[in-house]
Amino acid sequence: MKLAVLGGSFNPVHIGHLALADAACVELGYDKVIFVPTFEPPHKRVAHDFASAEDRLEMLRLATEKNPRFEVSDIEIARGGVSYTVDTLSELSEKYSAQLSSKIGFIMGSDLLSGFHLWHNVQKIVELSDLVLASRKESGVRLDNAERSMNAPSGKYAGVEKLDESEREELRHNFEYPHKLLETPILPISSTDIRVMCAKRGSWRYLVPDGVYWYIIKNKLYGAEYGE
């Protein structure tokens, strides 16, 4: 089995996350993508609109339940605190060792590349996984930290999101670690923008799976207090 991992805050999970995971299966032949929600955000300070681990985990389960190629792991939530990529990949590699036909694919965005060398035990990460770089074909497009779960909590990647596409492309080409490119359009959707639209009563319903929409409404997450 070819297995890939997509970590993040998923606050909330949206269709861009699902599209990225699907592209990993279709374009790179992964049999399964495991979504790993972080227990705490990679930054030291928790935002006021950061949903609980339980809520984010349940939204992920609702979003992925109809796709047999998608799986959700609570490994970081169960561990608690801020997790390191190397620890999560080590545990998953051991858990699936009897089923794996190759190293686990670790999906990450180009906004992480400039600080990747500063991550905790980066050489071990490279040994444990095949790095999968999601190539962003539009400047400014981001997944709002979707790939930042399991990274070094020091957060040494400030400013990379401000690069234009030519600069991002140069950064990808100069990335010194072995990697695979996942060249697929990534929808210009941000979890941050969804939270803002929830609070401001904007239009966001079709940016998330239906089950996630109704979960947010029912539980009044992010200031959302209305529904159809």
# chains A, B, ... in the order shown; residues from 1 in each chain; ligands from 1
call {"tool": "closest_atom_pairs", "arguments": {"of": "segment 57-132 of chain A", "to": "segment 202-214 of chain A", "cutoff": "8 Å", "atoms": "only C-alpha atoms", "output": "tab-separated table"}}
result
residue	atom	partner	partner_atom	distance
A:Met59	CA	A:Val212	CA	5.3
A:Leu60	CA	A:Val212	CA	7.9
A:Leu62	CA	A:Gly211	CA	5.7
A:Ala63	CA	A:Pro209	CA	5.8
call {"tool": "select_by_dssp", "arguments": {"residues": "segment 28-128 of chain A", "states": "strand (DSSP E or B)", "output": "VMD selection string"}}
result
chain A and resid 32 to 37 70 to 72 104 to 109
call {"tool": "atom_distance", "arguments": {"atom1": "atom CA of Tyr84 of chain A", "atom2": "atom CA of His120 of chain A"}}
result
6.8 Å
call {"tool": "residues_around", "arguments": {"residues": "segment 216-220 of chain A", "least_positions_apart": "6", "cutoff": "12 Å", "atoms": "only C-alpha atoms", "output": "list of chain:residue names"}}
result
A:Asn11, A:Pro12, A:Val13, A:His14, A:Asp49, A:Ala51, A:Ser52, A:Glu54, A:Asp55, A:Arg56, A:Glu58, A:Met59, A:Leu60, A:Leu62, A:Ile194, A:Arg195, A:Cys198, A:Ala199, A:Arg201, A:Trp204, A:Arg205, A:Val208, A:Pro209, A:Asp210, A:Tyr226, A:Gly227, A:Glu228
call {"tool": "closest_residue", "arguments": {"among": "A:Phe10, A:Tyr222, A:Tyr215, A:Phe106", "to": "Leu92 of chain A", "atoms": "only C-alpha atoms"}}
result
A:Phe106
call {"tool": "residues_around", "arguments": {"residues": "Leu20 of chain A", "least_positions_apart": "2", "cutoff": "9 Å", "atoms": "only C-alpha atoms", "output": "list in words"}}
result
Leu6, Ile15, Gly16, His17, Leu18, Asp22, Ala23, Ala24, Cys25, Ala134, Leu182, Thr184, Pro185, Ile186 and Leu187 of chain A
call {"tool": "write_last_selection", "arguments": {"atoms": "C-alpha atoms", "output": "mmCIF file, in the first residue's frame"}}
result
data_model
loop_
_atom_site.group_PDB
_atom_site.id
_atom_site.type_symbol
_atom_site.label_atom_id
_atom_site.label_comp_id
_atom_site.auth_asym_id
_atom_site.auth_seq_id
_atom_site.Cartn_x
_atom_site.Cartn_y
_atom_site.Cartn_z
ATOM 1 C CA LEU A 6 -1.648 15.441 5.166
ATOM 2 C CA ILE A 15 -12.927 21.281 -0.105
ATOM 3 C CA GLY A 16 -9.422 22.507 -0.947
ATOM 4 C CA HIS A 17 -7.969 20.039 1.540
ATOM 5 C CA LEU A 18 -10.008 17.216 0.049
ATOM 6 C CA ASP A 22 -7.551 13.379 -3.984
ATOM 7 C CA ALA A 23 -4.858 14.730 -6.306
ATOM 8 C CA ALA A 24 -2.216 12.817 -4.338
ATOM 9 C CA CYS A 25 -4.155 9.619 -4.974
ATOM 10 C CA ALA A 134 2.155 20.648 -3.631
ATOM 11 C CA LEU A 182 2.309 17.271 -7.036
ATOM 12 C CA THR A 184 -2.169 20.291 -9.579
ATOM 13 C CA PRO A 185 -4.296 23.407 -9.158
ATOM 14 C CA ILE A 186 -5.100 24.131 -5.537
ATOM 15 C CA LEU A 187 -8.395 25.870 -4.924
#
call {"tool": "residues_around", "arguments": {"residues": "Lys124 of chain A", "least_positions_apart": "4", "cutoff": "10 Å", "atoms": "only C-alpha atoms", "output": "mmCIF file with all heavy atoms, in the first residue's frame"}}
result
data_model
loop_
_atom_site.group_PDB
_atom_site.id
_atom_site.type_symbol
_atom_site.label_atom_id
_atom_site.label_comp_id
_atom_site.auth_asym_id
_atom_site.auth_seq_id
_atom_site.Cartn_x
_atom_site.Cartn_y
_atom_site.Cartn_z
ATOM 1 N N THR A 85 6.953 16.560 13.422
ATOM 2 C CA THR A 85 6.749 15.726 12.245
ATOM 3 C C THR A 85 7.415 14.367 12.394
ATOM 4 O O THR A 85 6.830 13.331 12.087
ATOM 5 C CB THR A 85 7.327 16.432 10.997
ATOM 6 O OG1 THR A 85 6.677 17.671 10.825
ATOM 7 C CG2 THR A 85 7.161 15.585 9.752
ATOM 8 N N VAL A 86 8.641 14.375 12.841
ATOM 9 C CA VAL A 86 9.411 13.134 12.903
ATOM 10 C C VAL A 86 8.757 12.110 13.825
ATOM 11 O O VAL A 86 8.753 10.905 13.520
ATOM 12 C CB VAL A 86 10.877 13.426 13.337
ATOM 13 C CG1 VAL A 86 10.937 13.936 14.771
ATOM 14 C CG2 VAL A 86 11.741 12.203 13.139
ATOM 15 N N ASP A 87 8.178 12.555 14.930
ATOM 16 C CA ASP A 87 7.535 11.625 15.847
ATOM 17 C C ASP A 87 6.270 11.025 15.236
ATOM 18 O O ASP A 87 6.013 9.823 15.356
ATOM 19 C CB ASP A 87 7.191 12.329 17.160
ATOM 20 C CG ASP A 87 8.422 12.770 17.919
ATOM 21 O OD1 ASP A 87 9.473 12.126 17.762
ATOM 22 O OD2 ASP A 87 8.337 13.766 18.659
ATOM 23 N N LEU A 89 5.511 10.751 11.981
ATOM 24 C CA LEU A 89 5.866 9.863 10.882
ATOM 25 C C LEU A 89 6.442 8.547 11.391
ATOM 26 O O LEU A 89 6.189 7.480 10.817
ATOM 27 C CB LEU A 89 6.868 10.552 9.953
ATOM 28 C CG LEU A 89 6.328 11.719 9.122
ATOM 29 C CD1 LEU A 89 7.450 12.397 8.351
ATOM 30 C CD2 LEU A 89 5.230 11.248 8.163
ATOM 31 N N SER A 90 7.211 8.607 12.460
ATOM 32 C CA SER A 90 7.777 7.381 13.042
ATOM 33 C C SER A 90 6.677 6.454 13.530
ATOM 34 O O SER A 90 6.699 5.243 13.270
ATOM 35 C CB SER A 90 8.716 7.732 14.213
ATOM 36 O OG SER A 90 9.847 8.420 13.767
ATOM 37 N N HIS A 120 12.722 20.046 13.419
ATOM 38 C CA HIS A 120 13.334 19.117 14.359
ATOM 39 C C HIS A 120 13.673 17.793 13.673
ATOM 40 O O HIS A 120 12.815 17.150 13.081
ATOM 41 C CB HIS A 120 12.370 18.863 15.524
ATOM 42 C CG HIS A 120 12.850 17.872 16.524
ATOM 43 N ND1 HIS A 120 13.939 18.116 17.342
ATOM 44 C CD2 HIS A 120 12.413 16.622 16.849
ATOM 45 C CE1 HIS A 120 14.134 17.074 18.123
ATOM 46 N NE2 HIS A 120 13.233 16.151 17.843
ATOM 47 N N LEU A 128 12.430 8.867 6.698
ATOM 48 C CA LEU A 128 11.166 8.177 6.953
ATOM 49 C C LEU A 128 10.138 8.354 5.839
ATOM 50 O O LEU A 128 9.253 7.509 5.672
ATOM 51 C CB LEU A 128 10.549 8.685 8.260
ATOM 52 C CG LEU A 128 11.189 8.241 9.567
ATOM 53 C CD1 LEU A 128 10.600 9.035 10.727
ATOM 54 C CD2 LEU A 128 10.956 6.748 9.781
ATOM 55 N N SER A 129 10.236 9.448 5.092
ATOM 56 C CA SER A 129 9.146 9.784 4.169
ATOM 57 C C SER A 129 9.635 10.250 2.809
ATOM 58 O O SER A 129 10.784 10.663 2.647
ATOM 59 C CB SER A 129 8.270 10.884 4.786
ATOM 60 O OG SER A 129 9.000 12.098 4.890
#
call {"tool": "closest_residue", "arguments": {"among": "A:Leu133, A:Ile107, A:Ala21, A:Val126", "to": "Phe70 of chain A", "atoms": "only C-alpha atoms"}}
result
A:Ala21
call {"tool": "residues_around", "arguments": {"residues": "Lys95 of chain A", "least_positions_apart": "5", "cutoff": "12 Å", "atoms": "only C-alpha atoms", "output": "VMD selection string"}}
result
chain A and resid 3 73 75 88 to 90 100 104
call {"tool": "write_last_selection", "arguments": {"atoms": "N, CA, C and O atoms", "output": "mmCIF file, in the first residue's frame"}}
result
data_model
loop_
_atom_site.group_PDB
_atom_site.id
_atom_site.type_symbol
_atom_site.label_atom_id
_atom_site.label_comp_id
_atom_site.auth_asym_id
_atom_site.auth_seq_id
_atom_site.Cartn_x
_atom_site.Cartn_y
_atom_site.Cartn_z
ATOM 1 N N LEU A 3 0.980 5.032 1.042
ATOM 2 C CA LEU A 3 0.280 5.849 2.022
ATOM 3 C C LEU A 3 0.879 7.251 2.063
ATOM 4 O O LEU A 3 2.094 7.421 2.052
ATOM 5 N N SER A 73 -6.606 10.334 11.465
ATOM 6 C CA SER A 73 -5.873 9.827 12.627
ATOM 7 C C SER A 73 -5.857 10.888 13.725
ATOM 8 O O SER A 73 -5.597 12.073 13.456
ATOM 9 N N ILE A 75 -3.700 10.820 16.149
ATOM 10 C CA ILE A 75 -2.414 10.530 16.771
ATOM 11 C C ILE A 75 -1.831 11.741 17.496
ATOM 12 O O ILE A 75 -1.289 11.624 18.602
ATOM 13 N N THR A 88 5.490 11.866 14.568
ATOM 14 C CA THR A 88 4.248 11.386 13.950
ATOM 15 C C THR A 88 4.546 10.418 12.814
ATOM 16 O O THR A 88 3.919 9.359 12.698
ATOM 17 N N LEU A 89 5.511 10.751 11.981
ATOM 18 C CA LEU A 89 5.866 9.863 10.882
ATOM 19 C C LEU A 89 6.442 8.547 11.391
ATOM 20 O O LEU A 89 6.189 7.480 10.817
ATOM 21 N N SER A 90 7.211 8.607 12.460
ATOM 22 C CA SER A 90 7.777 7.381 13.042
ATOM 23 C C SER A 90 6.677 6.454 13.530
ATOM 24 O O SER A 90 6.699 5.243 13.270
ATOM 25 N N LEU A 100 2.890 -1.276 4.176
ATOM 26 C CA LEU A 100 3.523 -0.290 3.305
ATOM 27 C C LEU A 100 4.385 -0.932 2.227
ATOM 28 O O LEU A 100 5.185 -1.820 2.500
ATOM 29 N N ILE A 104 6.225 6.444 3.497
ATOM 30 C CA ILE A 104 5.048 7.303 3.577
ATOM 31 C C ILE A 104 5.311 8.612 2.842
ATOM 32 O O ILE A 104 6.389 9.195 2.936
#
